[in-house]
Amino acid sequence: MCQDCSPASGQTPSRRSFTRFLAAGAGLTVLTACTPEAPDAATPSSAPASASSPAAVTATPTPEITTAAPTTEAAAPAAPSPTPSPSAALPRQFSLSDPASPWLIVNKHRPLVPADYVPADLVRPSIAMTASGEASLLNSTTAAAAEAMFAAAARDGVTMVLASGYRSYTTQVATYNGYVAARGQADADTASARPGYSEHQTGWAFDIADGNGACGFQPCFADQPSAVWAKANGHRFGFVVRYPWMFHPITGYYYEPWHLRYIGVEAATDMVNRGIFTLEEYFGVEAAPGHP
């Protein structure tokens, strides 16, 4: 595992050094929570064990048994007041748990409720895309923002393409199980979101590609024109790069410069102005490096 992976304040880690680090066989797997298809692999000798199935991947926590503390005359110290999240300064507030909210937080500690949620307003945006079927859909708010962003990029000479949009619970079951069958559950959890834990299911997120198709779903995509443009300008349309460089101890996934998440212009711009890179930090929820 990477040691002290968070970038120093004011410094931007080198993607070239990251590539050399991967080539050195350090064992880091670039996490692709939003890769549309499971990898090709040799036919597994057996089906994954039942514990690896999406319905059983998260164990039910065991309640802790506590005993009452002895009564004393001393008054208990007052609990410290929680520190307000940076997002609390915005005049308009939204739910962090409602799937229909632009501020919804989905990560390895915060599954969708209900797990098989389907957005009520899925539409196909009028933008360039290589995606088809359900993957060409977004919720109506995200679709409208994507249309505006893609048009602005085109005016700047950048061709941006929708590579993968909405992904249903059923599709994520098949995708995740493909990874489990090929790699085992532990490794699958580093490469694919469990069913009910994927931002793609919300309609608020999508993956982009470059017009020339170079470096699709690879770390080198960060240097392609569409990725560079989206990182610099996405907030103007309400988008952030959901899994930024070297913040996997917080987000649970390695750098995905292709995965954009809509949170609204106000919040996205405030994040940029404050120099905050993850939704977990901005909205004041705990880090989610792995499943509980």
# chains A, B, ... in the order shown; residues from 1 in each chain; ligands from 1

$ closest_atom_pairs --of "region 129-227 of chain A" --to "region 269-292 of chain A" --cutoff "10 Å" --atoms "only C-alpha atoms" --output "Markdown table"
| residue | atom | partner | partner_atom | distance |
| --- | --- | --- | --- | --- |
| A:Asp189 | CA | A:Gly290 | CA | 8.3 |
| A:Thr190 | CA | A:Gly290 | CA | 8.8 |
| A:Arg194 | CA | A:His291 | CA | 9.6 |

$ residues_around --residues "Gln201 (chain A)" --least-positions-apart "6" --cutoff "6 Å" --atoms "only C-alpha atoms" --output "list in words"
Tyr166, Arg167 and Ser168 of chain A

$ write_last_selection --atoms "all heavy atoms" --output "CSV table (one decimal), in the first residue's frame"
chain,number,residue,atom,x,y,z
A,166,TYR,N,-25.4,6.2,-16.7
A,166,TYR,CA,-26.2,5.5,-15.7
A,166,TYR,C,-25.9,4.0,-15.8
A,166,TYR,O,-25.7,3.4,-16.9
A,166,TYR,CB,-27.7,5.7,-16.0
A,166,TYR,CG,-28.6,4.8,-15.1
A,166,TYR,CD1,-28.7,5.0,-13.8
A,166,TYR,CD2,-29.3,3.8,-15.7
A,166,TYR,CE1,-29.5,4.1,-13.0
A,166,TYR,CE2,-30.1,3.0,-15.0
A,166,TYR,CZ,-30.2,3.1,-13.6
A,166,TYR,OH,-31.0,2.3,-12.9
A,167,ARG,N,-25.8,3.3,-14.6
A,167,ARG,CA,-25.7,1.9,-14.6
A,167,ARG,C,-26.6,1.4,-13.5
A,167,ARG,O,-26.5,1.7,-12.3
A,167,ARG,CB,-24.2,1.6,-14.2
A,167,ARG,CG,-23.9,0.1,-14.5
A,167,ARG,CD,-22.4,-0.2,-14.2
A,167,ARG,NE,-21.5,0.8,-14.9
A,167,ARG,CZ,-20.4,1.2,-14.4
A,167,ARG,NH1,-19.9,0.9,-13.2
A,167,ARG,NH2,-19.7,2.1,-15.1
A,168,SER,N,-27.5,0.5,-13.9
A,168,SER,CA,-28.5,0.0,-13.0
A,168,SER,C,-27.9,-1.0,-11.9
A,168,SER,O,-26.8,-1.5,-12.1
A,168,SER,CB,-29.6,-0.8,-13.7
A,168,SER,OG,-29.1,-1.9,-14.3

$ select_by_dssp --residues "region 101-192 of chain A" --states "strand (DSSP E or B)" --output "PyMOL selection string"
chain A and resi 107+110+122-123+129+138-139+160-164

$ write_last_selection --atoms "N, CA and C atoms" --output "PDB file, in the first residue's frame"
ATOM      1  N   ASN A 107     -20.353   6.137  -1.017  1.00  0.00           N
ATOM      2  CA  ASN A 107     -18.994   5.602  -0.959  1.00  0.00           C
ATOM      3  C   ASN A 107     -19.043   4.243  -0.262  1.00  0.00           C
ATOM      4  N   ARG A 110     -21.252   4.374   2.691  1.00  0.00           N
ATOM      5  CA  ARG A 110     -22.577   4.971   2.534  1.00  0.00           C
ATOM      6  C   ARG A 110     -23.256   4.403   1.282  1.00  0.00           C
ATOM      7  N   LEU A 122     -34.467   9.801 -15.846  1.00  0.00           N
ATOM      8  CA  LEU A 122     -33.357   9.479 -16.738  1.00  0.00           C
ATOM      9  C   LEU A 122     -33.652   9.939 -18.161  1.00  0.00           C
ATOM     10  N   VAL A 123     -32.672  10.608 -18.775  1.00  0.00           N
ATOM     11  CA  VAL A 123     -32.816  11.090 -20.153  1.00  0.00           C
ATOM     12  C   VAL A 123     -31.494  10.872 -20.874  1.00  0.00           C
ATOM     13  N   MET A 129     -21.177  10.787 -27.743  1.00  0.00           N
ATOM     14  CA  MET A 129     -21.013   9.668 -26.826  1.00  0.00           C
ATOM     15  C   MET A 129     -20.631   8.395 -27.560  1.00  0.00           C
ATOM     16  N   LEU A 138     -28.538   9.873 -18.193  1.00  0.00           N
ATOM     17  CA  LEU A 138     -28.201  10.604 -16.976  1.00  0.00           C
ATOM     18  C   LEU A 138     -29.501  11.147 -16.399  1.00  0.00           C
ATOM     19  N   ASN A 139     -29.498  11.557 -15.132  1.00  0.00           N
ATOM     20  CA  ASN A 139     -30.707  12.227 -14.667  1.00  0.00           C
ATOM     21  C   ASN A 139     -30.804  13.583 -15.355  1.00  0.00           C
ATOM     22  N   MET A 160     -15.150  16.342 -26.169  1.00  0.00           N
ATOM     23  CA  MET A 160     -15.429  15.533 -24.994  1.00  0.00           C
ATOM     24  C   MET A 160     -16.517  14.525 -25.348  1.00  0.00           C
ATOM     25  N   VAL A 161     -16.381  13.287 -24.873  1.00  0.00           N
ATOM     26  CA  VAL A 161     -17.298  12.215 -25.230  1.00  0.00           C
ATOM     27  C   VAL A 161     -17.802  11.541 -23.963  1.00  0.00           C
ATOM     28  N   LEU A 162     -19.094  11.238 -23.914  1.00  0.00           N
ATOM     29  CA  LEU A 162     -19.652  10.460 -22.809  1.00  0.00           C
ATOM     30  C   LEU A 162     -19.328   8.992 -23.043  1.00  0.00           C
ATOM     31  N   ALA A 163     -18.559   8.396 -22.126  1.00  0.00           N
ATOM     32  CA  ALA A 163     -18.150   7.001 -22.271  1.00  0.00           C
ATOM     33  C   ALA A 163     -19.026   6.049 -21.469  1.00  0.00           C
ATOM     34  N   SER A 164     -19.581   6.519 -20.347  1.00  0.00           N
ATOM     35  CA  SER A 164     -20.426   5.665 -19.523  1.00  0.00           C
ATOM     36  C   SER A 164     -21.225   6.522 -18.565  1.00  0.00           C
TER      37      SER A 164
END

$ residues_around --residues "Glu266 (chain A)" --least-positions-apart "2" --cutoff "10 Å" --atoms "only C-alpha atoms" --output "list in words"
Ser87, Leu90, Pro91, Arg92, His235, Arg236, Phe237, Gly238, Ile263, Gly264, Ala268, Thr269, Asp270 and Met271 of chain A

$ atom_distance --atom1 "CA of Leu104 (chain A)" --atom2 "CA of Gly203 (chain A)"
10.9 Å
